[in-house]
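Raw my_file_6.csv, CSV, C-alpha atoms and all ligand atoms:
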```csv
chain,number,residue,atom,x,y,z
M,1,MET,CA,-49.2,-31.9,-100.3
M,2,SER,CA,-51.6,-31.0,-103.0
M,3,GLU,CA,-55.3,-30.4,-102.2
M,4,SER,CA,-56.3,-33.6,-103.8
M,5,THR,CA,-54.1,-35.7,-101.6
M,6,ILE,CA,-55.3,-33.9,-98.5
M,7,GLY,CA,-59.0,-34.5,-99.3
M,8,GLY,CA,-62.1,-32.6,-100.2
M,9,SER,CA,-61.4,-31.8,-103.8
M,10,TYR,CA,-64.4,-31.4,-106.1
M,11,GLU,CA,-63.5,-34.6,-108.0
M,12,GLU,CA,-63.1,-36.6,-104.8
M,13,CYS,CA,-66.4,-35.4,-103.4
M,14,ARG,CA,-68.1,-36.0,-106.8
M,15,THR,CA,-66.9,-39.6,-106.8
M,16,THR,CA,-68.3,-40.2,-103.3
M,17,ALA,CA,-71.6,-38.5,-104.1
M,18,ASP,CA,-72.0,-40.4,-107.3
M,19,TRP,CA,-71.3,-43.7,-105.5
M,20,LEU,CA,-73.9,-42.9,-102.9
M,21,LEU,CA,-76.5,-41.8,-105.5
M,22,LYS,CA,-76.0,-45.1,-107.2
M,23,HIS,CA,-76.5,-47.1,-104.0
M,24,THR,CA,-79.6,-45.2,-102.5
M,25,GLN,CA,-82.8,-44.0,-103.9
M,26,VAL,CA,-83.0,-41.3,-101.2
M,27,ARG,CA,-82.4,-37.8,-102.4
M,28,PRO,CA,-81.8,-35.9,-99.1
M,29,ILE,CA,-82.6,-32.2,-98.6
M,30,VAL,CA,-81.6,-32.2,-94.9
M,31,GLY,CA,-78.2,-33.3,-93.5
M,32,ILE,CA,-77.8,-34.2,-89.8
M,33,VAL,CA,-74.5,-34.7,-87.8
M,34,CYS,CA,-74.8,-36.5,-84.5
M,35,GLY,CA,-72.4,-35.5,-81.7
M,36,SER,CA,-70.9,-37.6,-79.0
M,37,GLY,CA,-73.5,-39.8,-77.3
M,38,LEU,CA,-76.2,-38.4,-79.6
M,39,SER,CA,-76.1,-41.1,-82.3
M,40,ALA,CA,-79.6,-42.4,-81.5
M,41,LEU,CA,-81.0,-39.5,-83.5
M,42,ALA,CA,-80.2,-41.4,-86.6
M,43,ASP,CA,-82.4,-44.3,-85.4
M,44,MET,CA,-85.4,-42.1,-85.9
M,45,LEU,CA,-85.1,-42.2,-89.7
M,46,LYS,CA,-87.8,-44.3,-91.4
M,47,ASP,CA,-86.8,-46.9,-94.0
M,48,PRO,CA,-83.1,-46.5,-93.2
M,49,GLN,CA,-80.4,-47.4,-95.6
M,50,VAL,CA,-77.0,-47.6,-93.8
M,51,PHE,CA,-73.5,-47.3,-95.2
M,52,LYS,CA,-70.5,-48.0,-93.0
M,53,TYR,CA,-67.9,-45.2,-93.4
M,54,CYS,CA,-65.3,-47.9,-94.2
M,55,ASP,CA,-67.4,-48.9,-97.3
M,56,ILE,CA,-67.9,-45.4,-98.7
M,57,PRO,CA,-65.2,-44.3,-101.2
M,58,ASN,CA,-63.0,-41.5,-99.8
M,59,PHE,CA,-64.6,-41.4,-96.3
M,60,PRO,CA,-62.3,-41.4,-93.3
M,61,ARG,CA,-62.9,-43.9,-90.5
M,62,SER,CA,-64.5,-43.0,-87.2
M,63,THR,CA,-62.3,-43.8,-84.2
M,64,VAL,CA,-64.1,-42.2,-81.2
M,65,ARG,CA,-66.3,-44.1,-78.7
M,66,GLY,CA,-69.9,-42.8,-79.1
M,67,HIS,CA,-69.5,-42.2,-82.8
M,68,ALA,CA,-70.9,-45.3,-84.7
M,69,GLY,CA,-69.2,-44.5,-88.0
M,70,GLN,CA,-72.0,-44.9,-90.5
M,71,LEU,CA,-74.1,-42.8,-92.8
M,72,VAL,CA,-77.9,-43.3,-92.6
M,73,PHE,CA,-80.3,-42.3,-95.4
M,74,GLY,CA,-84.0,-42.2,-94.7
M,75,THR,CA,-87.1,-40.1,-94.0
M,76,LEU,CA,-87.6,-38.1,-90.9
M,77,LYS,CA,-91.1,-36.6,-90.4
M,78,GLY,CA,-91.6,-36.9,-94.2
M,79,LYS,CA,-88.3,-35.2,-95.1
M,80,SER,CA,-85.6,-37.0,-97.0
M,81,CYS,CA,-82.5,-36.9,-94.8
M,82,VAL,CA,-78.9,-38.1,-94.6
M,83,CYS,CA,-77.5,-38.5,-91.1
M,84,MET,CA,-73.9,-38.9,-90.0
M,85,GLN,CA,-74.0,-41.3,-87.1
M,86,GLY,CA,-70.6,-40.2,-85.9
M,87,ARG,CA,-68.3,-37.4,-87.1
M,88,PHE,CA,-64.6,-36.9,-87.6
M,89,HIS,CA,-62.4,-34.7,-85.4
M,90,LEU,CA,-59.0,-33.0,-85.9
M,91,TYR,CA,-57.5,-34.9,-83.0
M,92,GLU,CA,-58.1,-38.2,-84.8
M,93,GLY,CA,-55.3,-37.2,-87.1
M,94,HIS,CA,-57.4,-36.6,-90.2
M,95,PRO,CA,-56.5,-33.6,-92.4
M,96,ILE,CA,-59.1,-30.8,-91.7
M,97,GLN,CA,-60.2,-31.0,-95.4
M,98,LYS,CA,-61.0,-34.7,-94.9
M,99,ILE,CA,-63.0,-34.1,-91.7
M,100,THR,CA,-65.3,-31.8,-93.6
M,101,LEU,CA,-65.5,-33.8,-96.8
M,102,PRO,CA,-69.0,-35.1,-95.9
M,103,MET,CA,-70.4,-31.5,-96.0
M,104,ARG,CA,-69.3,-31.1,-99.7
M,105,VAL,CA,-70.6,-34.6,-100.5
M,106,PHE,CA,-74.0,-33.6,-98.9
M,107,LYS,CA,-74.0,-30.5,-101.0
M,108,LEU,CA,-73.6,-32.6,-104.1
M,109,LEU,CA,-76.3,-34.9,-103.0
M,110,GLY,CA,-78.7,-32.0,-102.9
M,111,VAL,CA,-78.8,-31.1,-99.2
M,112,LYS,CA,-79.9,-27.6,-98.5
M,113,THR,CA,-80.0,-27.5,-94.7
M,114,MET,CA,-77.5,-28.9,-92.2
M,115,LEU,CA,-78.4,-29.6,-88.5
M,116,MET,CA,-75.5,-30.4,-86.3
M,117,THR,CA,-75.3,-31.5,-82.7
M,118,ASN,CA,-72.3,-31.9,-80.4
M,119,ALA,CA,-71.4,-32.4,-76.8
M,120,ALA,CA,-69.6,-29.5,-75.1
M,121,GLY,CA,-68.3,-28.2,-71.8
M,122,GLY,CA,-70.2,-25.4,-70.3
M,123,LEU,CA,-68.1,-22.2,-69.7
M,124,ASN,CA,-71.1,-20.0,-69.0
M,125,GLN,CA,-71.7,-20.2,-65.2
M,126,ASP,CA,-75.5,-20.1,-65.7
M,127,TYR,CA,-75.4,-23.3,-67.7
M,128,LYS,CA,-76.2,-26.7,-66.1
M,129,VAL,CA,-75.2,-30.1,-67.2
M,130,GLY,CA,-77.9,-31.3,-69.5
M,131,ASP,CA,-78.8,-27.9,-70.9
M,132,PHE,CA,-79.0,-27.5,-74.7
M,133,MET,CA,-77.3,-24.5,-76.3
M,134,VAL,CA,-78.3,-23.2,-79.7
M,135,ILE,CA,-75.1,-22.0,-81.2
M,136,LYS,CA,-75.5,-18.4,-82.3
M,137,ASP,CA,-71.8,-17.9,-83.2
M,138,HIS,CA,-68.4,-19.5,-82.9
M,139,ILE,CA,-64.8,-18.8,-82.0
M,140,ASN,CA,-62.5,-20.8,-84.1
M,141,MET,CA,-59.3,-21.2,-82.0
M,142,PRO,CA,-57.4,-23.4,-84.5
M,143,GLY,CA,-58.4,-20.8,-87.2
M,144,PHE,CA,-56.3,-18.2,-85.4
M,145,ALA,CA,-53.3,-20.4,-86.1
M,146,GLY,CA,-54.3,-20.8,-89.8
M,147,VAL,CA,-56.0,-24.2,-89.4
M,148,ASN,CA,-59.1,-23.6,-91.5
M,149,PRO,CA,-60.8,-26.2,-93.8
M,150,LEU,CA,-60.9,-23.7,-96.6
M,151,SER,CA,-57.1,-23.3,-96.7
M,152,GLY,CA,-55.5,-24.2,-100.0
M,153,PRO,CA,-56.8,-23.4,-103.5
M,154,ASN,CA,-60.4,-22.3,-103.7
M,155,ASP,CA,-62.8,-24.3,-105.9
M,156,ASP,CA,-65.5,-21.8,-107.2
M,157,ARG,CA,-67.8,-24.8,-107.9
M,158,PHE,CA,-68.3,-25.0,-104.1
M,159,GLY,CA,-68.1,-21.3,-103.1
M,160,VAL,CA,-66.3,-18.1,-103.0
M,161,ARG,CA,-62.7,-17.5,-101.8
M,162,PHE,CA,-63.6,-15.4,-98.8
M,163,PRO,CA,-67.0,-16.5,-97.4
M,164,CYS,CA,-68.7,-14.4,-94.8
M,165,MET,CA,-69.2,-16.0,-91.4
M,166,SER,CA,-71.2,-13.3,-89.6
M,167,ASP,CA,-74.4,-15.2,-90.6
M,168,ALA,CA,-73.0,-18.7,-90.2
M,169,TYR,CA,-75.8,-19.9,-87.9
M,170,ASP,CA,-79.2,-19.3,-89.6
M,171,ARG,CA,-81.3,-16.8,-87.7
M,172,GLU,CA,-84.7,-18.4,-88.7
M,173,LEU,CA,-83.5,-21.9,-87.7
M,174,ARG,CA,-82.4,-20.6,-84.3
M,175,GLN,CA,-85.8,-19.0,-83.9
M,176,LEU,CA,-87.5,-22.2,-84.9
M,177,ALA,CA,-85.5,-24.1,-82.2
M,178,HIS,CA,-86.8,-21.7,-79.6
M,179,ASP,CA,-90.4,-21.9,-80.9
M,180,VAL,CA,-90.3,-25.7,-80.9
M,181,ALA,CA,-88.6,-25.8,-77.5
M,182,GLY,CA,-91.4,-23.6,-76.1
M,183,GLU,CA,-94.1,-25.9,-77.4
M,184,LEU,CA,-92.3,-29.0,-76.0
M,185,GLY,CA,-91.8,-27.4,-72.6
M,186,PHE,CA,-88.0,-27.3,-73.1
M,187,SER,CA,-87.4,-23.6,-72.8
M,188,ASP,CA,-86.0,-23.8,-69.3
M,189,PHE,CA,-83.0,-25.7,-70.5
M,190,LEU,CA,-82.6,-24.2,-74.0
M,191,LYS,CA,-79.9,-21.6,-74.0
M,192,GLU,CA,-78.3,-19.7,-76.8
M,193,GLY,CA,-74.6,-18.9,-76.9
M,194,VAL,CA,-71.1,-18.9,-78.4
M,195,TYR,CA,-69.2,-22.2,-79.1
M,196,CYS,CA,-65.4,-22.2,-78.9
M,197,VAL,CA,-63.7,-24.9,-80.8
M,198,LEU,CA,-60.3,-26.3,-79.8
M,199,GLY,CA,-58.3,-29.1,-81.4
M,200,GLY,CA,-58.4,-31.6,-78.5
M,201,PRO,CA,-58.1,-34.4,-77.6
M,202,SER,CA,-56.9,-33.1,-74.2
M,203,PHE,CA,-59.6,-31.3,-72.3
M,204,GLU,CA,-58.8,-27.7,-71.4
M,205,THR,CA,-56.8,-26.5,-68.5
M,206,ILE,CA,-58.4,-24.3,-65.9
M,207,ALA,CA,-56.5,-21.3,-67.2
M,208,GLU,CA,-57.7,-22.0,-70.8
M,209,CYS,CA,-61.3,-22.3,-69.7
M,210,ARG,CA,-61.1,-19.0,-67.9
M,211,MET,CA,-59.6,-17.4,-70.9
M,212,LEU,CA,-62.2,-18.8,-73.3
M,213,HIS,CA,-65.0,-17.6,-71.0
M,214,ARG,CA,-63.4,-14.1,-70.9
M,215,LEU,CA,-63.2,-14.1,-74.7
M,216,GLY,CA,-67.0,-14.6,-74.9
M,217,GLY,CA,-67.3,-18.4,-75.1
M,218,ASP,CA,-70.3,-20.0,-73.5
M,219,ALA,CA,-69.3,-23.6,-74.3
M,220,VAL,CA,-66.1,-25.3,-75.5
M,221,GLY,CA,-65.8,-28.3,-77.7
M,222,MET,CA,-63.7,-30.1,-80.4
M,223,SER,CA,-65.9,-30.1,-83.5
M,224,THR,CA,-68.8,-28.6,-85.6
M,225,VAL,CA,-67.1,-25.3,-86.5
M,226,HIS,CA,-65.0,-26.8,-89.4
M,227,GLU,CA,-68.2,-28.5,-90.7
M,228,VAL,CA,-70.1,-25.2,-90.5
M,229,ILE,CA,-67.4,-23.2,-92.3
M,230,VAL,CA,-67.4,-25.7,-95.2
M,231,ALA,CA,-71.2,-26.0,-95.3
M,232,ARG,CA,-71.6,-22.3,-95.4
M,233,HIS,CA,-69.0,-21.9,-98.0
M,234,ALA,CA,-71.1,-24.3,-100.1
M,235,GLY,CA,-74.3,-22.2,-99.4
M,236,MET,CA,-76.1,-24.6,-97.1
M,237,ARG,CA,-78.1,-23.2,-94.2
M,238,CYS,CA,-76.7,-24.3,-90.8
M,239,PHE,CA,-78.1,-24.9,-87.4
M,240,ALA,CA,-76.0,-26.3,-84.6
M,241,MET,CA,-76.8,-27.2,-81.0
M,242,SER,CA,-74.6,-28.3,-78.1
M,243,LEU,CA,-75.6,-30.5,-75.3
M,244,ILE,CA,-73.8,-29.2,-72.2
M,245,SER,CA,-72.4,-32.6,-71.2
M,246,ASN,CA,-70.1,-31.3,-68.4
M,247,ARG,CA,-69.1,-28.1,-66.7
M,248,ALA,CA,-65.8,-26.7,-67.8
M,249,VAL,CA,-63.6,-26.6,-64.7
M,250,MET,CA,-62.8,-22.9,-63.9
M,251,ASP,CA,-61.8,-23.1,-60.2
M,252,TYR,CA,-58.5,-24.4,-58.8
M,253,ASP,CA,-60.4,-25.7,-55.7
M,254,SER,CA,-62.7,-27.8,-57.8
M,255,ARG,CA,-62.5,-31.6,-57.7
M,256,GLU,CA,-64.4,-31.9,-61.0
M,257,ARG,CA,-62.5,-33.6,-63.9
M,258,ALA,CA,-63.7,-33.5,-67.5
M,259,ASN,CA,-63.9,-37.0,-69.0
M,260,HIS,CA,-65.4,-38.7,-72.0
M,261,ASP,CA,-67.6,-41.1,-69.9
M,262,GLU,CA,-69.5,-38.2,-68.4
M,263,VAL,CA,-69.9,-36.7,-71.9
M,264,LEU,CA,-71.5,-40.0,-73.2
M,265,GLU,CA,-73.5,-40.4,-70.0
M,266,THR,CA,-75.1,-37.0,-70.3
M,267,GLY,CA,-75.8,-37.7,-74.0
M,268,ASN,CA,-77.7,-40.9,-73.0
M,269,GLN,CA,-79.7,-39.0,-70.5
M,270,ARG,CA,-80.7,-36.2,-72.9
M,271,ALA,CA,-80.8,-38.2,-76.2
M,272,LYS,CA,-84.6,-38.5,-76.2
M,273,GLN,CA,-85.2,-34.8,-75.8
M,274,MET,CA,-82.6,-33.9,-78.4
M,275,GLU,CA,-84.3,-36.3,-80.8
M,276,VAL,CA,-87.8,-34.8,-80.2
M,277,LEU,CA,-86.4,-31.2,-80.6
M,278,VAL,CA,-84.4,-31.9,-83.8
M,279,SER,CA,-87.1,-34.1,-85.4
M,280,THR,CA,-89.8,-31.5,-84.7
M,281,MET,CA,-87.6,-28.9,-86.3
M,282,VAL,CA,-87.1,-31.1,-89.3
M,283,ALA,CA,-90.9,-31.5,-89.6
M,284,ARG,CA,-91.3,-27.7,-89.6
M,285,LEU,CA,-88.6,-26.9,-92.2
M,286,ASP,CA,-90.3,-25.0,-94.9
M,287,ASP,CA,-89.3,-26.6,-98.2
M,288,ASN,CA,-89.6,-23.1,-99.8
M,289,GLU,CA,-87.0,-21.8,-97.4
M,290,ASN,CA,-84.6,-24.6,-98.4
M,291,ASN,CA,-83.2,-22.4,-101.1
M,292,ASP,CA,-79.4,-22.0,-101.5
M,293,LYS,CA,-78.2,-19.2,-99.3
M,294,ASN,CA,-74.9,-18.8,-101.1
M,295,ASN,CA,-72.6,-16.0,-100.0
M,296,SER,CA,-71.3,-15.2,-103.5
M,301,LIG,O1,-68.4,-34.8,-81.7
M,301,LIG,P1,-68.5,-34.0,-80.5
M,301,LIG,O2,-68.1,-32.6,-80.6
M,301,LIG,O3,-69.9,-34.1,-79.9
M,301,LIG,O4,-67.5,-34.7,-79.4
M,301,LIG,C1,-67.1,-34.1,-78.2
M,301,LIG,C2,-65.7,-33.6,-78.4
M,301,LIG,C3,-64.9,-34.8,-78.2
M,301,LIG,O5,-64.9,-35.5,-79.4
M,301,LIG,C4,-65.6,-35.6,-77.2
M,301,LIG,C5,-65.0,-35.3,-75.8
M,301,LIG,O6,-65.7,-36.1,-74.8
M,301,LIG,O7,-66.9,-35.2,-77.3
```

Here is the file; what I need is its structure written in the form of structure tokens.
Ligand SMILES: O=P(O)(O)O[C@@H]1C[C@H](O)[C@@H](CO)O1
Amino acid sequence: MSESTIGGSYEECRTTADWLLKHTQVRPIVGIVCGSGLSALADMLKDPQVFKYCDIPNFPRSTVRGHAGQLVFGTLKGKSCVCMQGRFHLYEGHPIQKITLPMRVFKLLGVKTMLMTNAAGGLNQDYKVGDFMVIKDHINMPGFAGVNPLSGPNDDRFGVRFPCMSDAYDRELRQLAHDVAGELGFSDFLKEGVYCVLGGPSFETIAECRMLHRLGGDAVGMSTVHEVIVARHAGMRCFAMSLISNRAVMDYDSRERANHDEVLETGNQRAKQMEVLVSTMVARLDDNENNDKNNS
């Protein structure tokens, strides 16, 4: 299959970006991705303009409960934003280049900073359900098997062939999250750690959770990393945060069972605090710092 049939080519992303630019006056500088159960964040945008994914040229469809499947443009705390109310996952059957196509479209729309959220299982034994984890680094398990959104011919118009990932999660944005959490009284439940991505949709076995924990993972999930790789390749600053929606089961005597209902339920319980934290961060983003951080 050629890259253009898989998705994510420059021409395809340009077509989508041009269509959106024609249909909205908003010129976003901040992009937001809402994780499972965390879609309400998009409802904070003022003067929203909503596009269903099925109406946007080249966009895949959202198939997961808790992912509304629409793109919302608007203003958040005075900053022009575009927000994915629902994301795409590998297990939905989309090619990985298609899952991450929105990142390239956002780049072409003028987005400089990406803020992503997700729901994840807690591997770190100190984490409680409901904690927030600022992602400081990731382990890309599908990547070990060659499943990487940048596989295939490289298009220099987006970024370099071999992008560095040791600075994938912007240090200043992570610090900003801690500062804001301190002011809001959230520090007790704001952690920082390593996110492991798997393909899903089956949740992990006990042996897999134990292995991931030993490898240095603090939380496990099924998203975000592919988006971050493509966003960083294109020079956007990235911040990502997990809501620890459930505890990864690590003990053969445990009666706990990971399930999507619990994930959505925890999202509902913590949605308001997630909204306040993210929106306050957006308010504090320094426009001058919104420069391209390309890794060329
Ligand atoms: O989009 P995110 O990563 O928040 O979604 C997580 C991973 C699976 O899609 C789902 C499992 O409950 O939630």

**Message:** Using all atoms listed in the file, which residues have at least one atom no more than 9 Å from ligand LIG 301 (chain M)? Output them as JSON, numbers by chain.
**Reply:** {"M": [33, 34, 35, 36, 37, 38, 64, 65, 66, 67, 86, 87, 88, 89, 91, 117, 118, 119, 120, 121, 197, 200, 201, 202, 203, 220, 221, 222, 223, 224, 242, 243, 245, 258, 259, 260, 261, 262, 263, 264]}

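A cut-off of 8 Å from the point (-92.3, -31.8, -89.8), with all atoms listed in the file, picks out the residues Leu76, Lys77, Gly78, Lys79, Ser279, Thr280, Met281, Val282, Ala283, Arg284 and Leu285 of chain M.
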
**Request:** Name all residues at most 7 Å from segment 127-138 of chain M (count all atoms listed in the file; drop same-chain ones fewer than 5 positions away) and give them as a ChimeraX atom specification.
**Result:** /M:122,169,174,189-196,225,240-247,266,270

**Message:** I'd like the neighbourhood of segment 157-166 of chain M as a ChimeraX atom specification, where a residue qualifies if any of its atoms comes within 12 Å (using all atoms listed in the file), though same-chain residues fewer than 5 positions away should be ignored.
**Reply:** /M:8-11,13-14,101,103-108,136-140,148-152,171,225-226,228-238,292-296

Only C-alpha atoms, please: the residues just picked out, written as a tab-separated table (two decimals), in the frame of the given file.
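Dumped everything to again.tsv:
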```
chain	number	residue	atom	x	y	z
M	8	GLY	CA	-62.10	-32.60	-100.20
M	9	SER	CA	-61.40	-31.80	-103.80
M	10	TYR	CA	-64.40	-31.40	-106.10
M	11	GLU	CA	-63.50	-34.60	-108.00
M	13	CYS	CA	-66.40	-35.40	-103.40
M	14	ARG	CA	-68.10	-36.00	-106.80
M	101	LEU	CA	-65.50	-33.80	-96.80
M	103	MET	CA	-70.40	-31.50	-96.00
M	104	ARG	CA	-69.30	-31.10	-99.70
M	105	VAL	CA	-70.60	-34.60	-100.50
M	106	PHE	CA	-74.00	-33.60	-98.90
M	107	LYS	CA	-74.00	-30.50	-101.00
M	108	LEU	CA	-73.60	-32.60	-104.10
M	136	LYS	CA	-75.50	-18.40	-82.30
M	137	ASP	CA	-71.80	-17.90	-83.20
M	138	HIS	CA	-68.40	-19.50	-82.90
M	139	ILE	CA	-64.80	-18.80	-82.00
M	140	ASN	CA	-62.50	-20.80	-84.10
M	148	ASN	CA	-59.10	-23.60	-91.50
M	149	PRO	CA	-60.80	-26.20	-93.80
M	150	LEU	CA	-60.90	-23.70	-96.60
M	151	SER	CA	-57.10	-23.30	-96.70
M	152	GLY	CA	-55.50	-24.20	-100.00
M	171	ARG	CA	-81.30	-16.80	-87.70
M	225	VAL	CA	-67.10	-25.30	-86.50
M	226	HIS	CA	-65.00	-26.80	-89.40
M	228	VAL	CA	-70.10	-25.20	-90.50
M	229	ILE	CA	-67.40	-23.20	-92.30
M	230	VAL	CA	-67.40	-25.70	-95.20
M	231	ALA	CA	-71.20	-26.00	-95.30
M	232	ARG	CA	-71.60	-22.30	-95.40
M	233	HIS	CA	-69.00	-21.90	-98.00
M	234	ALA	CA	-71.10	-24.30	-100.10
M	235	GLY	CA	-74.30	-22.20	-99.40
M	236	MET	CA	-76.10	-24.60	-97.10
M	237	ARG	CA	-78.10	-23.20	-94.20
M	238	CYS	CA	-76.70	-24.30	-90.80
M	292	ASP	CA	-79.40	-22.00	-101.50
M	293	LYS	CA	-78.20	-19.20	-99.30
M	294	ASN	CA	-74.90	-18.80	-101.10
M	295	ASN	CA	-72.60	-16.00	-100.00
M	296	SER	CA	-71.30	-15.20	-103.50
```

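Every residue within 10 Å of the file position (-81.9, -42.8, -86.0), judged by only C-alpha atoms, is given as Cys34, Leu38, Ser39, Ala40, Leu41, Ala42, Asp43, Met44, Leu45, Lys46, Pro48, Val72, Phe73, Gly74, Thr75, Leu76, Cys83, Met84, Gln85 and Glu275 of chain M.
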
**All residues 10 Å or closer to Lys52 of chain M, only C-alpha atoms, same chain fewer than 5 positions away omitted, as a ChimeraX atom specification** = /M:59,61-62,68-72,85

**Asked** Could you name the residues that touch Glu183 of chain M at 12 Å or less, counting all atoms listed in the file, but leaving out those on the same chain fewer than 3 positions away, as a count of residues only?
**Response** 12

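One distance worth recording is that between atom CA of Met250 of chain M and atom CA of Met141 of chain M, which is 18.5 Å.
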
**Asked** Which value, in Å to one decimal, gives the distance between atom CA of Asn58 of chain M and atom CA of Leu21 of chain M?
**Response** 14.7 Å

**Message:** My list of candidates is M:Leu123, M:Asp170, M:Cys54, M:Ser80. Which is closest to Val249 of chain M when distances are computed with all atoms listed in the file?
**Reply:** M:Leu123

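The two atoms in question, atom CA of Gly182 of chain M and atom CA of Val82 of chain M, are spaced 26.6 Å apart.
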
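Counting only C-alpha atoms and comparing M:Gly199, M:Leu184, M:Tyr53, M:Gly267, the residue that lies closest to Glu92 of chain M is M:Gly199.
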
**Residue nearest Glu12 of chain M - candidates M:Pro102, M:Pro28, M:Pro95, M:Gly185, atoms counted: all atoms listed in the file** = M:Pro102

**Item:** Closest of M:Ile96, M:Asp47, M:Ile32, M:Leu109 to Thr16 of chain M - atom-to-atom distances counting all atoms listed in the file
**Value:** M:Leu109

With 5 Å on each side, where is the centre of the axis-aligned box around all listed atoms of segment 104-109 of chain M, and how long are its edges in Å to one decimal, as lines of an AutoDock Vina configuration file?
```
center_x = -72.8
center_y = -32.7
center_z = -101.5
size_x = 17.0
size_y = 14.4
size_z = 15.2
```

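Compared by their closest atoms to Met211 of chain M, and using all atoms listed in the file, the residues M:Met114, M:Ala248, M:Val147, M:Cys81 rank with M:Ala248 nearest.
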
Only C-alpha atoms, as a compact mmCIF listing (two decimals), in the first residue's frame: that is what I want for segment 106-161 of chain M.
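Printed below is part.txt as written:
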```txt
# COMPACT_ATOMS: atom_id res chain seq x y z
CA PHE M 106 -3.53 20.82 13.20
CA LYS M 107 0.03 21.72 12.23
CA LEU M 108 -1.22 23.03 8.89
CA LEU M 109 -3.95 24.99 10.69
CA GLY M 110 -1.26 26.81 12.67
CA VAL M 111 -1.36 24.93 15.99
CA LYS M 112 1.85 25.34 18.00
CA THR M 113 1.03 23.51 21.24
CA MET M 114 -0.75 20.18 21.74
CA LEU M 115 -2.38 19.19 25.02
CA MET M 116 -3.53 15.57 25.17
CA THR M 117 -5.45 13.67 27.81
CA ASN M 118 -6.17 9.98 28.18
CA ALA M 119 -7.47 7.41 30.61
CA ALA M 120 -4.92 4.85 31.74
CA GLY M 121 -4.45 1.96 34.13
CA GLY M 122 -2.15 2.65 37.08
CA LEU M 123 0.89 0.36 37.24
CA ASN M 124 2.67 2.40 39.90
CA GLN M 125 1.54 1.01 43.24
CA ASP M 126 1.52 4.51 44.79
CA TYR M 127 -1.10 5.71 42.33
CA LYS M 128 -4.78 5.81 43.25
CA VAL M 129 -7.79 5.72 40.96
CA GLY M 130 -8.58 9.35 40.14
CA ASP M 131 -4.95 10.54 40.23
CA PHE M 132 -3.67 12.63 37.32
CA MET M 133 -0.30 11.67 35.83
CA VAL M 134 1.69 14.21 33.86
CA ILE M 135 3.43 12.13 31.21
CA LYS M 136 7.18 12.73 31.32
CA ASP M 137 8.10 9.96 28.89
CA HIS M 138 6.64 6.98 27.09
CA ILE M 139 7.37 3.37 26.18
CA ASN M 140 6.03 2.61 22.72
CA MET M 141 5.40 -1.15 22.80
CA PRO M 142 3.95 -1.36 19.25
CA GLY M 143 6.99 0.64 18.14
CA PHE M 144 9.24 -2.26 19.22
CA ALA M 145 7.47 -4.32 16.56
CA GLY M 146 7.87 -1.63 13.91
CA VAL M 147 4.42 -0.09 14.35
CA ASN M 148 5.29 3.60 14.20
CA PRO M 149 3.20 6.36 12.60
CA LEU M 150 6.31 7.71 10.84
CA SER M 151 7.00 4.44 9.02
CA GLY M 152 7.02 4.83 5.28
CA PRO M 153 8.52 7.59 3.15
CA ASN M 154 9.37 10.74 5.11
CA ASP M 155 7.91 14.04 3.94
CA ASP M 156 10.37 16.81 4.85
CA ARG M 157 7.55 19.35 4.72
CA PHE M 158 6.42 17.92 8.05
CA GLY M 159 9.72 17.05 9.71
CA VAL M 160 12.97 15.15 9.66
CA ARG M 161 13.43 11.43 8.92
```
